[in-house]
Every structure is written in C-alpha cells, then in structure tokens.
Amino acid sequence: MRKIVFLMALYLAAAACVKQNLETPMVESEQTTKEQMCSFEVKVPQNQTKLASPSANEETVNNLQVFIFDEAGNVDNFVKGAGPSLNVKCTKGKREIYVIANVAELGPVGNKTGLMNKLSNFNDNTATNFVMTGNKIVSVDAGLKSVSVEVERIPSRICLKSFANEITLHPYSTQELVINAAYLVNVAKDATYFLPEKSSNLAFLNFKQLNDQSPLLYEKINDVKVSSTTPFVAPHYFYCYPNSTSVDCTDNNSVARYTRLVVEATLGGKKCYYVASIPQIKRNTTYEVSMHVTRPGSLTPDAPLEKHDPQFSVTVKKWVAGAAVDEII
C-alpha cells in the first residue's frame, strides 16, 4: 500500500510540472540549461519614431511588450515593462522579435499566428499614447548584447491645413460663412498589429455622422468667419486607423466607405458640411487637406458634393513630410 501511495504522489508531482511548463514559456529544464540561455536588451530608439510632428506625444514610448518566437513560430519568451527598452532572455538560435508599444497586456499568445490575428482597438490610442509596432529577425548567441527595433504608428494623421472661401455664385457670395467644427467620419474601429493589409473594416467610429467626440476625431472650432480675403489657415490634426476601402459608397446599406474629413459650417445661417474623402488610408501616414469652397456644402457629413470640374490630388508619403489633399468644393 505504501508503494502505491508513493507512486501516486510521484505521478501527481510530474503532472503539476507539466502544467507549469505549459503556462510559462520560459522554464529552464534539462533541455534548456543556463548555458543555452542568452540575455540581451531590446530597445526602441526614439529617433526612429521622431518624425515631423505637431506634438512630441506622437513619438513617446510609454511601455513595451516583447514577443520572441522560435523558427517554428512558437513563443520562446514574452516580456513586458515600462519605457522604451527591456532586458529579455531567450534560447539561442534564429529568433523573431515582435514589439508592441503603448498597449495594455494583450493576453495569452501561444504562437506567431495568434499574434498576427490580434486586433488593436482605435480607442487604445490617446493624445499622449499612440500604438506602435515593429519586428526584427536576429541570431541570438552569447555575444548579443542589444537589439534595436524600429517601430511605426498604427494610426494615420489627417491635417486640415486650410479652408478658403472662394464662393462667387450669387446670392451665396454675400452670405456669411462660419466654421463651427471639424471631425472625421467612417473611422475604422480596429486594425491588426502587424498585417497592414488586413483589417476588419466592418465597424466604424462616427459611422456616416458625428457620434464620438474623442479628441483624436473631433475639434470644436469657435465660430470662425471665413471670407474671400480671410481664409482659415490654422492647422488642425486628427487621427484614425487605416481604412483599406478602395471603392467608395454613400448608400445607407453598405458599410465599406472612405474615411472623410468634415468641416461643419453655416452659410447664411444654414448648417452645411464640406467633405473631403480620403481613399485607402495607410498606417503611419499623414494626409494634409486644403479645402477651396466654391458653393454651399452638402446636407449630411457623409455625402460629398458631386463636382462637375473636380480637382483632387493625393500624394502619399511617410509621416516625415506628409501627404497633400487639395479639394475644390
């Protein structure tokens, strides 16, 4: 009887050890000795995120999550912590390092495929905390001391650069044009962390109209009068997630549609909307919008005016210099 009890105790102890190994990726064993382990620093160099920007907050790295995968795509180790650098430890060999900045803990990630399928929610971003990601393949050995991983923002930036009153049509040319607010509609609610071309695009914030006044999406403008001699030239910055929609739609049934920058105004005391649509918005990209108003605006914020002689151009660049959108409405 004593022998049976002793064997059962050994069995239960062994089972507990197996469970512990499943729950914790990094457990040293006979197969993973201290000699096989390597310690090194993973850091995000701040100058890699420092691009032309209206705010230093666009560049801040508040915290990091570092995932290290082996060649089979399994988790070798996971480390999280505050600041732009962390000390990590993993086994030797070819490893893929994936870094996510400025996000609360993602939860369990069993392998690389699981991480690729994780979605970032736009509301994880704030004016002082922009979600960023990056990855790098390295060969880990005892001589490795530090790895720099360049990251880029998931959000895109849209700048209302200027708004000019060029109305010549009577009687509208004599009516007072006043800007009340500017905001984005049809903003993608989520995006994958590491697959730029993959996004659900099935859910939008401010779908077709203003219902979310997040500071990243909306700004109140205190009744600025815009005349033919006094354009509105104070830049206003807004942020959104990538929107891969390639064919626009304005009907009531379709979800897929362009993200739009809307200037809400009154002309002769009547509310109207001046809308610039931006197709296929990409991550970490800036778009500068200049509006030239030649007539009354549309009746809804999701219905751009039909233009008989459109002049619309988009130049896409990285955040360094910015894209230009010149819209005559």
# chains A, B, ... in the order shown; residues from 1 in each chain; ligands from 1
$ select_by_dssp --residues "range 57-261 of chain A" --states "strand (DSSP E)" --output "PyMOL selection string"
chain A and resi 63-69+75-82+85-91+93-101+119-121+132-140+146-148+152-153+156-165+177-185+187-188+190-192+204-205+218-225+236-240+259-261
$ atom_distance --atom1 "CA of Leu205 in chain A" --atom2 "CA of Leu160 in chain A"
19.1 Å
$ closest_atom_pairs --of "range 71-151 of chain A" --to "range 208-223 of chain A" --cutoff "10 Å" --atoms "only C-alpha atoms" --output "tab-separated table"
residue	atom	partner	partner_atom	distance
A:Phe122	CA	A:Leu216	CA	9.9
A:Asn123	CA	A:Ser214	CA	8.9
A:Asn125	CA	A:Leu216	CA	8.5
A:Thr126	CA	A:Leu216	CA	7.1
A:Ala127	CA	A:Leu216	CA	6.8
$ residues_around --residues "Leu119 in chain A" --least-positions-apart "6" --cutoff "7 Å" --atoms "only C-alpha atoms" --output "JSON, numbers by chain"
{"A": [190, 191, 192, 193]}
$ residues_around --residues "Thr128 in chain A" --least-positions-apart "6" --cutoff "8 Å" --atoms "only C-alpha atoms" --output "PyMOL selection string"
chain A and resi 57-58+60
$ write_last_selection --atoms "C-alpha atoms" --output "short mmCIF file (atom, residue, chain, number, x, y, z; two decimals), in the first residue's frame"
data_model
loop_
_atom_site.label_atom_id
_atom_site.label_comp_id
_atom_site.auth_asym_id
_atom_site.auth_seq_id
_atom_site.Cartn_x
_atom_site.Cartn_y
_atom_site.Cartn_z
CA ASN A 57 3.48 62.96 -27.80
CA GLU A 58 3.30 61.31 -31.21
CA THR A 60 6.50 58.81 -26.91
#
$ closest_residue --among "A:Ala142, A:Val247, A:Ile100, A:Ile158" --to "Val262 in chain A" --atoms "only C-alpha atoms"
A:Ile158
$ atom_distance --atom1 "CA of Leu184 in chain A" --atom2 "CA of Ala234 in chain A"
17.2 Å
$ atom_distance --atom1 "CA of Pro304 in chain A" --atom2 "CA of Leu261 in chain A"
10.3 Å
$ closest_residue --among "A:Asn186, A:Ser156, A:Asn74, A:Ser227" --to "His292 in chain A" --atoms "only C-alpha atoms"
A:Ser227
$ select_by_dssp --residues "range 61-205 of chain A" --states "alpha helix (DSSP H)" --output "number ranges by chain"
A: 112-116
$ write_last_selection --atoms "C-alpha atoms" --output "mmCIF file, in the first residue's frame"
data_model
loop_
_atom_site.group_PDB
_atom_site.id
_atom_site.type_symbol
_atom_site.label_atom_id
_atom_site.label_comp_id
_atom_site.auth_asym_id
_atom_site.auth_seq_id
_atom_site.Cartn_x
_atom_site.Cartn_y
_atom_site.Cartn_z
ATOM 1 C CA LYS A 112 3.163 33.806 -34.025
ATOM 2 C CA THR A 113 -0.095 33.153 -35.890
ATOM 3 C CA GLY A 114 -2.038 34.057 -32.769
ATOM 4 C CA LEU A 115 -0.232 37.403 -32.531
ATOM 5 C CA MET A 116 -0.807 38.146 -36.223
#
$ closest_residue --among "A:Ile68, A:Val224, A:Val131, A:Val293" --to "Ala182 in chain A" --atoms "only C-alpha atoms"
A:Val224
$ residues_around --residues "Val75 in chain A" --least-positions-apart "2" --cutoff "9 Å" --atoms "only C-alpha atoms" --output "MDAnalysis selection string"
chainID A and resid 25:26 67:70 72:73 77:78 109:112
$ write_last_selection --atoms "N, CA and C atoms" --output "mmCIF file, in the first residue's frame"
data_model
loop_
_atom_site.group_PDB
_atom_site.id
_atom_site.type_symbol
_atom_site.label_atom_id
_atom_site.label_comp_id
_atom_site.auth_asym_id
_atom_site.auth_seq_id
_atom_site.Cartn_x
_atom_site.Cartn_y
_atom_site.Cartn_z
ATOM 1 N N PRO A 25 6.125 30.020 -20.786
ATOM 2 C CA PRO A 25 7.001 29.658 -21.901
ATOM 3 C C PRO A 25 8.457 29.456 -21.490
ATOM 4 N N MET A 26 8.970 30.327 -20.621
ATOM 5 C CA MET A 26 10.382 30.270 -20.279
ATOM 6 C C MET A 26 10.573 29.537 -18.953
ATOM 7 N N PHE A 67 7.562 40.030 -27.779
ATOM 8 C CA PHE A 67 7.310 38.621 -28.046
ATOM 9 C C PHE A 67 8.489 38.061 -28.844
ATOM 10 N N ILE A 68 9.040 36.946 -28.402
ATOM 11 C CA ILE A 68 10.148 36.296 -29.102
ATOM 12 C C ILE A 68 9.681 34.914 -29.559
ATOM 13 N N PHE A 69 9.788 34.667 -30.867
ATOM 14 C CA PHE A 69 9.333 33.403 -31.439
ATOM 15 C C PHE A 69 10.517 32.617 -31.993
ATOM 16 N N ASP A 70 10.451 31.285 -31.867
ATOM 17 C CA ASP A 70 11.483 30.447 -32.463
ATOM 18 C C ASP A 70 11.169 30.222 -33.940
ATOM 19 N N ALA A 72 9.928 27.802 -35.456
ATOM 20 C CA ALA A 72 8.656 27.123 -35.690
ATOM 21 C C ALA A 72 7.458 28.030 -35.428
ATOM 22 N N GLY A 73 7.740 29.266 -34.980
ATOM 23 C CA GLY A 73 6.653 30.204 -34.705
ATOM 24 C C GLY A 73 6.064 30.081 -33.324
ATOM 25 N N ASN A 77 9.765 33.436 -25.538
ATOM 26 C CA ASN A 77 9.621 34.219 -24.308
ATOM 27 C C ASN A 77 8.741 35.432 -24.582
ATOM 28 N N PHE A 78 8.192 35.985 -23.503
ATOM 29 C CA PHE A 78 7.394 37.208 -23.548
ATOM 30 C C PHE A 78 7.772 38.063 -22.362
ATOM 31 N N VAL A 109 -0.847 34.581 -25.848
ATOM 32 C CA VAL A 109 -0.459 34.427 -27.251
ATOM 33 C C VAL A 109 0.376 33.160 -27.329
ATOM 34 N N GLY A 110 -0.152 32.122 -27.954
ATOM 35 C CA GLY A 110 0.536 30.844 -27.969
ATOM 36 C C GLY A 110 1.584 30.724 -29.049
ATOM 37 N N ASN A 111 1.388 31.447 -30.162
ATOM 38 C CA ASN A 111 2.334 31.337 -31.266
ATOM 39 C C ASN A 111 2.257 32.588 -32.127
ATOM 40 N N LYS A 112 3.093 32.633 -33.157
ATOM 41 C CA LYS A 112 3.163 33.806 -34.025
ATOM 42 C C LYS A 112 1.845 34.055 -34.744
#
$ residues_around --residues "Ile137 in chain A" --least-positions-apart "2" --cutoff "7 Å" --atoms "only C-alpha atoms" --output "mmCIF file with C-alpha atoms, in the first residue's frame"
data_model
loop_
_atom_site.group_PDB
_atom_site.id
_atom_site.type_symbol
_atom_site.label_atom_id
_atom_site.label_comp_id
_atom_site.auth_asym_id
_atom_site.auth_seq_id
_atom_site.Cartn_x
_atom_site.Cartn_y
_atom_site.Cartn_z
ATOM 1 C CA ARG A 95 14.568 34.317 -33.433
ATOM 2 C CA GLU A 96 11.853 36.757 -34.493
ATOM 3 C CA ILE A 97 11.281 39.668 -32.135
#
$ residues_around --residues "Pro279 in chain A" --least-positions-apart "2" --cutoff "10 Å" --atoms "only C-alpha atoms" --output "list in words"
Pro242, Asn243, Ser244, Thr245, Ser246, Val247, Asp248, Arg257, Tyr258, Thr259, Arg260, Ala276, Ser277, Ile281, Lys282 and Val314 of chain A
$ closest_residue --among "A:Pro301, A:Pro235, A:Gly134, A:Gly83" --to "Ala265 in chain A" --atoms "only C-alpha atoms"
A:Pro301
$ closest_residue --among "A:Asn206, A:Ser39, A:Thr230, A:Ser120" --to "Val255 in chain A" --atoms "only C-alpha atoms"
A:Asn206
